[in-house]
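Source file: model-v6.txt; contents: compact mmCIF, C-alpha atoms and all ligand atoms.
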```txt
# COMPACT_ATOMS: atom_id res chain seq x y z
CA MET A 1 -2.66 6.68 -9.07
CA THR A 2 -1.43 3.13 -9.35
CA LYS A 3 -2.67 0.46 -7.07
CA GLU A 4 -0.43 -1.13 -4.45
CA LYS A 5 -0.33 -4.57 -2.86
CA THR A 6 0.38 -5.12 0.82
CA LEU A 7 0.88 -8.16 3.07
CA ILE A 8 -1.06 -8.75 6.25
CA LEU A 9 -0.87 -11.56 8.79
CA LEU A 10 -3.68 -12.29 11.23
CA LYS A 11 -1.47 -13.31 14.12
CA PRO A 12 -2.02 -16.32 16.44
CA ASP A 13 -3.96 -14.19 18.95
CA ALA A 14 -6.45 -13.19 16.21
CA VAL A 15 -6.91 -16.85 15.25
CA GLN A 16 -7.23 -18.04 18.88
CA ARG A 17 -9.63 -15.25 19.85
CA GLY A 18 -11.90 -15.80 16.83
CA TYR A 19 -11.26 -12.48 15.10
CA ILE A 20 -10.50 -13.73 11.57
CA GLY A 21 -13.94 -12.79 10.20
CA ASN A 22 -14.06 -9.49 12.09
CA ILE A 23 -10.70 -8.39 10.66
CA VAL A 24 -11.26 -9.64 7.10
CA SER A 25 -14.65 -7.82 7.05
CA ARG A 26 -12.99 -4.51 7.84
CA PHE A 27 -10.76 -4.75 4.75
CA GLU A 28 -13.65 -5.89 2.53
CA ASN A 29 -15.82 -3.05 3.85
CA LYS A 30 -13.08 -0.52 3.05
CA GLY A 31 -13.03 -1.63 -0.59
CA LEU A 32 -9.66 -3.39 -0.61
CA LYS A 33 -9.40 -6.32 -2.97
CA ILE A 34 -8.28 -9.68 -1.54
CA VAL A 35 -5.78 -11.09 -4.05
CA GLY A 36 -4.27 -13.81 -1.84
CA MET A 37 -5.37 -15.61 1.31
CA LYS A 38 -4.18 -18.76 3.12
CA MET A 39 -3.46 -20.27 6.54
CA ILE A 40 0.16 -21.09 7.34
CA HIS A 41 2.20 -22.14 10.36
CA ILE A 42 5.22 -19.81 10.62
CA THR A 43 8.49 -21.66 11.34
CA SER A 44 11.34 -20.42 13.49
CA SER A 45 13.45 -19.62 10.41
CA LEU A 46 10.60 -17.72 8.70
CA SER A 47 10.08 -15.74 11.93
CA LYS A 48 13.78 -14.81 12.00
CA GLU A 49 13.58 -13.66 8.37
CA HIS A 50 10.32 -11.74 8.78
CA TYR A 51 11.38 -10.10 12.05
CA ALA A 52 15.07 -9.65 11.10
CA HIS A 53 14.88 -6.03 12.32
CA LEU A 54 13.95 -7.30 15.81
CA VAL A 55 16.08 -10.44 16.37
CA SER A 56 18.49 -8.59 18.67
CA LYS A 57 15.70 -7.12 20.85
CA PRO A 58 15.11 -8.57 24.33
CA PHE A 59 11.51 -9.46 23.43
CA TYR A 60 12.45 -11.38 20.24
CA SER A 61 12.38 -14.87 21.84
CA ASP A 62 8.85 -14.24 23.13
CA LEU A 63 7.84 -12.83 19.72
CA GLU A 64 9.12 -15.94 17.92
CA LYS A 65 7.41 -18.26 20.42
CA PHE A 66 4.16 -16.33 19.96
CA ILE A 67 4.19 -16.06 16.15
CA THR A 68 5.04 -19.79 15.76
CA SER A 69 2.53 -20.93 18.44
CA CYS A 70 -0.49 -21.43 16.16
CA PRO A 71 -1.30 -20.98 12.44
CA VAL A 72 -1.76 -17.46 11.09
CA VAL A 73 -3.87 -16.20 8.18
CA ALA A 74 -1.73 -14.52 5.51
CA MET A 75 -3.38 -12.19 3.02
CA VAL A 76 -2.42 -9.86 0.20
CA LEU A 77 -4.67 -6.82 -0.24
CA GLU A 78 -4.72 -4.51 -3.24
CA GLY A 79 -5.97 -0.95 -3.66
CA LYS A 80 -4.98 2.69 -4.16
CA GLU A 81 -2.37 3.60 -1.52
CA ALA A 82 -3.09 0.21 0.06
CA VAL A 83 0.06 0.13 2.23
CA GLU A 84 -0.80 3.35 4.08
CA VAL A 85 -4.55 2.70 4.12
CA VAL A 86 -4.04 -0.72 5.71
CA ARG A 87 -1.52 0.53 8.30
CA ASN A 88 -4.01 3.25 9.31
CA ILE A 89 -6.80 0.70 9.65
CA CYS A 90 -4.50 -1.42 11.89
CA GLY A 91 -3.38 1.40 14.21
CA PRO A 92 0.03 1.74 15.90
CA THR A 93 2.15 -1.17 17.23
CA ASN A 94 1.23 -0.36 20.83
CA ALA A 95 -2.48 -1.14 20.84
CA ARG A 96 -2.91 0.80 24.07
CA LYS A 97 -2.21 3.93 22.00
CA ALA A 98 -4.43 2.83 19.09
CA LEU A 99 -7.64 4.75 18.50
CA ALA A 100 -11.02 3.06 18.80
CA GLY A 101 -12.15 2.13 15.31
CA THR A 102 -8.76 0.71 14.35
CA ILE A 103 -8.18 -3.05 14.47
CA ARG A 104 -5.61 -2.82 17.26
CA GLY A 105 -7.61 -0.13 19.07
CA ASP A 106 -10.71 -2.30 19.10
CA LEU A 107 -9.27 -5.80 19.55
CA SER A 108 -6.05 -5.54 21.59
CA ASN A 109 -4.52 -3.82 24.60
CA SER A 110 -0.94 -4.99 24.05
CA THR A 111 2.30 -4.01 22.25
CA SER A 112 3.04 -7.67 21.59
CA ARG A 113 -0.30 -9.49 21.19
CA ASN A 114 -1.56 -6.88 18.74
CA VAL A 115 -3.51 -9.23 16.40
CA ILE A 116 -2.18 -8.14 13.01
CA HIS A 117 0.93 -7.53 10.95
CA ALA A 118 0.87 -5.17 7.97
CA SER A 119 3.71 -4.12 5.65
CA ASP A 120 5.05 -0.72 6.71
CA SER A 121 6.09 0.64 3.29
CA LYS A 122 5.82 -0.16 -0.41
CA GLU A 123 9.42 -1.42 -0.39
CA THR A 124 8.72 -3.69 2.59
CA ALA A 125 5.53 -5.01 0.94
CA GLU A 126 7.53 -5.91 -2.18
CA LYS A 127 9.84 -8.06 0.00
CA GLU A 128 7.14 -9.49 2.27
CA ILE A 129 4.63 -10.63 -0.39
CA PRO A 130 7.02 -13.12 -2.08
CA ARG A 131 8.18 -14.24 1.41
CA PHE A 132 4.69 -15.64 2.04
CA PHE A 133 3.08 -16.18 -1.40
CA LYS A 134 4.16 -17.95 -4.57
CA LYS A 135 3.17 -16.19 -7.81
CA GLU A 136 0.44 -18.74 -8.50
CA GLU A 137 -1.12 -18.10 -5.08
CA LEU A 138 -1.95 -14.51 -6.05
CA PHE A 139 -5.06 -13.91 -8.16
CA ASP A 140 -5.75 -11.25 -10.78
CA TYR A 141 -9.54 -11.23 -11.12
CA LYS A 142 -11.92 -8.45 -12.11
CA LEU A 143 -14.00 -6.28 -9.79
CA ASN A 144 -16.15 -3.48 -11.21
CA GLU A 145 -13.87 -0.64 -10.10
CA TYR A 146 -16.38 2.00 -11.22
CA TYR A 147 -17.97 1.49 -7.80
CA PHE A 148 -14.67 1.75 -5.90
CA TYR A 149 -12.81 4.74 -7.40
CA ALA A 150 -13.42 7.73 -9.69
CA SER A 151 -11.50 7.57 -12.96
CA ASP A 152 -9.15 10.46 -12.01
CA GLU A 153 -7.94 8.94 -8.72
P1 LIG B 201 4.50 -3.38 13.59
O1 LIG B 201 3.92 -4.77 13.77
O2 LIG B 201 3.53 -2.32 14.04
O3 LIG B 201 5.05 -3.12 12.21
P2 LIG B 201 7.26 -3.71 14.52
O4 LIG B 201 8.08 -2.67 15.22
O5 LIG B 201 7.65 -4.08 13.14
O6 LIG B 201 5.73 -3.23 14.61
O7 LIG B 201 7.27 -4.98 15.45
C1 LIG B 201 6.81 -6.22 14.99
C2 LIG B 201 6.05 -6.92 16.10
O8 LIG B 201 6.96 -7.19 17.19
C3 LIG B 201 4.94 -6.09 16.75
O9 LIG B 201 3.74 -6.06 16.01
C4 LIG B 201 4.80 -6.79 18.07
O10 LIG B 201 4.09 -8.03 17.95
C5 LIG B 201 6.26 -7.08 18.43
N1 LIG B 201 6.84 -5.97 19.20
C6 LIG B 201 7.29 -4.78 18.71
N2 LIG B 201 7.76 -3.99 19.70
C7 LIG B 201 7.59 -4.70 20.84
C8 LIG B 201 7.88 -4.42 22.23
O11 LIG B 201 8.39 -3.34 22.59
N3 LIG B 201 7.56 -5.40 23.12
C9 LIG B 201 7.01 -6.59 22.75
N4 LIG B 201 6.73 -6.90 21.47
C10 LIG B 201 7.00 -5.96 20.53
MG MG B 202 6.68 -3.95 11.27
```

What's the structure tokens form of this structure?
Ligand code: IDP
Ligand code: MG
Amino acid sequence: MTKEKTLILLKPDAVQRGYIGNIVSRFENKGLKIVGMKMIHITSSLSKEHYAHLVSKPFYSDLEKFITSCPVVAMVLEGKEAVEVVRNICGPTNARKALAGTIRGDLSNSTSRNVIHASDSKETAEKEIPRFFKKEELFDYKLNEYYFYASDE
């Protein structure tokens, strides 16, 4: 099984509430490899591009105000089935429906201020990663994968 890369954003509420370490630890603990990581301030035009599927929704103006209100931490994680694994660790959009043990289930009680973004499919990840990271900002370094996966996975 080939490895996948996925994009996550620790949203302004995660930064303001001091959850960066808590959230990053969960991905490290799971065995996902961090291949890119930086802090950025999302602009209005980047918000409109990233949330293009939501610009016509009544809540979009609040979403743009929120996502541009404070820097976010952008990361690229790599691993087997990383897109689905990461979405499951995040929990559903509405954090009130998210199970305890997921990031949203543990750290949020909101559909809007839900602390994290994660790519929702492989195709989306392939569009979102270059939206936030230049090639030279992604790192291909060695981990001893013997301790992460069996050879037939
Ligand atoms: P996702 O973040 O779980 O992929 P999307 O539907 O792609 O969910 O929505 C992107 C973001 O827009 C959500 O994470 C949330 O911050 C915001 N959002 C989505 N639906 C609503 C809503 O019904 N009310 C308010 N904000 C919403
Ligand atoms: Mg989404």

Per-residue nearest contacts chain A to ligand MG 202 (chain B), cut-off 7 Å, using all atoms listed in the file, as CSV:
```
residue,atom,partner,partner_atom,distance
A:His117,CA,B:MG202,MG,6.8
A:Ala118,CA,B:MG202,MG,6.8
A:Ser119,CA,B:MG202,MG,6.4
A:Asp120,CA,B:MG202,MG,5.8
```

Using all atoms listed in the file, which residues have at least one atom no more than 7 Å from ligand LIG 201 (chain B)? Output them as a count of residues only.
14

Would you compute the distance between atom CA of Lys57 of chain A and atom CA of Val15 of chain A? Give it in Å to one decimal.
25.2 Å

Which of these, A:Ile40, A:Leu143, A:Leu7, A:Ala100, has the shortest distance to Lys122 of chain A once you count only C-alpha atoms?
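Among the listed residues, A:Leu7 lies closest to Lys122 of chain A.
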
Using all atoms listed in the file, determine which residues lie at most 10 Å from Ile89 of chain A, disregarding the query and same-chain residues fewer than 2 positions distant; provide the list as a list in words.
Ile23, Arg26, Phe27, Lys30, Glu84, Val85, Val86, Arg87, Gly91, Pro92, Ala98, Leu99, Gly101, Thr102, Ile103, Arg104, Gly105 and Ala118 of chain A

Output C-alpha atoms for every residue in the selection just made, as a PDB file, keeping the file's coordinate frame.
```pdb
ATOM      1  CA  ILE A  23     -10.700  -8.390  10.660  1.00  0.00           C
ATOM      2  CA  ARG A  26     -12.990  -4.510   7.840  1.00  0.00           C
ATOM      3  CA  PHE A  27     -10.760  -4.750   4.750  1.00  0.00           C
ATOM      4  CA  LYS A  30     -13.080  -0.520   3.050  1.00  0.00           C
ATOM      5  CA  GLU A  84      -0.800   3.350   4.080  1.00  0.00           C
ATOM      6  CA  VAL A  85      -4.550   2.700   4.120  1.00  0.00           C
ATOM      7  CA  VAL A  86      -4.040  -0.720   5.710  1.00  0.00           C
ATOM      8  CA  ARG A  87      -1.520   0.530   8.300  1.00  0.00           C
ATOM      9  CA  GLY A  91      -3.380   1.400  14.210  1.00  0.00           C
ATOM     10  CA  PRO A  92       0.030   1.740  15.900  1.00  0.00           C
ATOM     11  CA  ALA A  98      -4.430   2.830  19.090  1.00  0.00           C
ATOM     12  CA  LEU A  99      -7.640   4.750  18.500  1.00  0.00           C
ATOM     13  CA  GLY A 101     -12.150   2.130  15.310  1.00  0.00           C
ATOM     14  CA  THR A 102      -8.760   0.710  14.350  1.00  0.00           C
ATOM     15  CA  ILE A 103      -8.180  -3.050  14.470  1.00  0.00           C
ATOM     16  CA  ARG A 104      -5.610  -2.820  17.260  1.00  0.00           C
ATOM     17  CA  GLY A 105      -7.610  -0.130  19.070  1.00  0.00           C
ATOM     18  CA  ALA A 118       0.870  -5.170   7.970  1.00  0.00           C
TER      19      ALA A 118
END
```

So that I can check the surroundings of Met75 of chain A, please list as a PyMOL selection string every protein, DNA and RNA residue that reaches within 10 Å of it, counting all atoms listed in the file and ignoring chain neighbours fewer than 6 positions away.
chain A and resi 6-10+24+34-39+118+129+132-133+138

Which neighbours of Glu153 of chain A fall inside 9 Å, counting all atoms listed in the file, when residues of the same chain fewer than 3 positions from it are skipped, and could you give them as a short mmCIF file (atom, residue, chain, number, x, y, z; two decimals) with C-alpha atoms, in the frame of the given file?
```cif
data_model
loop_
_atom_site.label_atom_id
_atom_site.label_comp_id
_atom_site.auth_asym_id
_atom_site.auth_seq_id
_atom_site.Cartn_x
_atom_site.Cartn_y
_atom_site.Cartn_z
CA MET A 1 -2.66 6.68 -9.07
CA THR A 2 -1.43 3.13 -9.35
CA LYS A 80 -4.98 2.69 -4.16
CA TYR A 149 -12.81 4.74 -7.40
CA ALA A 150 -13.42 7.73 -9.69
#
```

Ranking A:Thr124, A:Thr43, A:Ser151, A:Asn144 by minimum distance to Lys5 of chain A and counting all atoms listed in the file, which one comes first?
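Going through A:Thr124, A:Thr43, A:Ser151, A:Asn144 one by one, the smallest distance to Lys5 of chain A is for A:Thr124.
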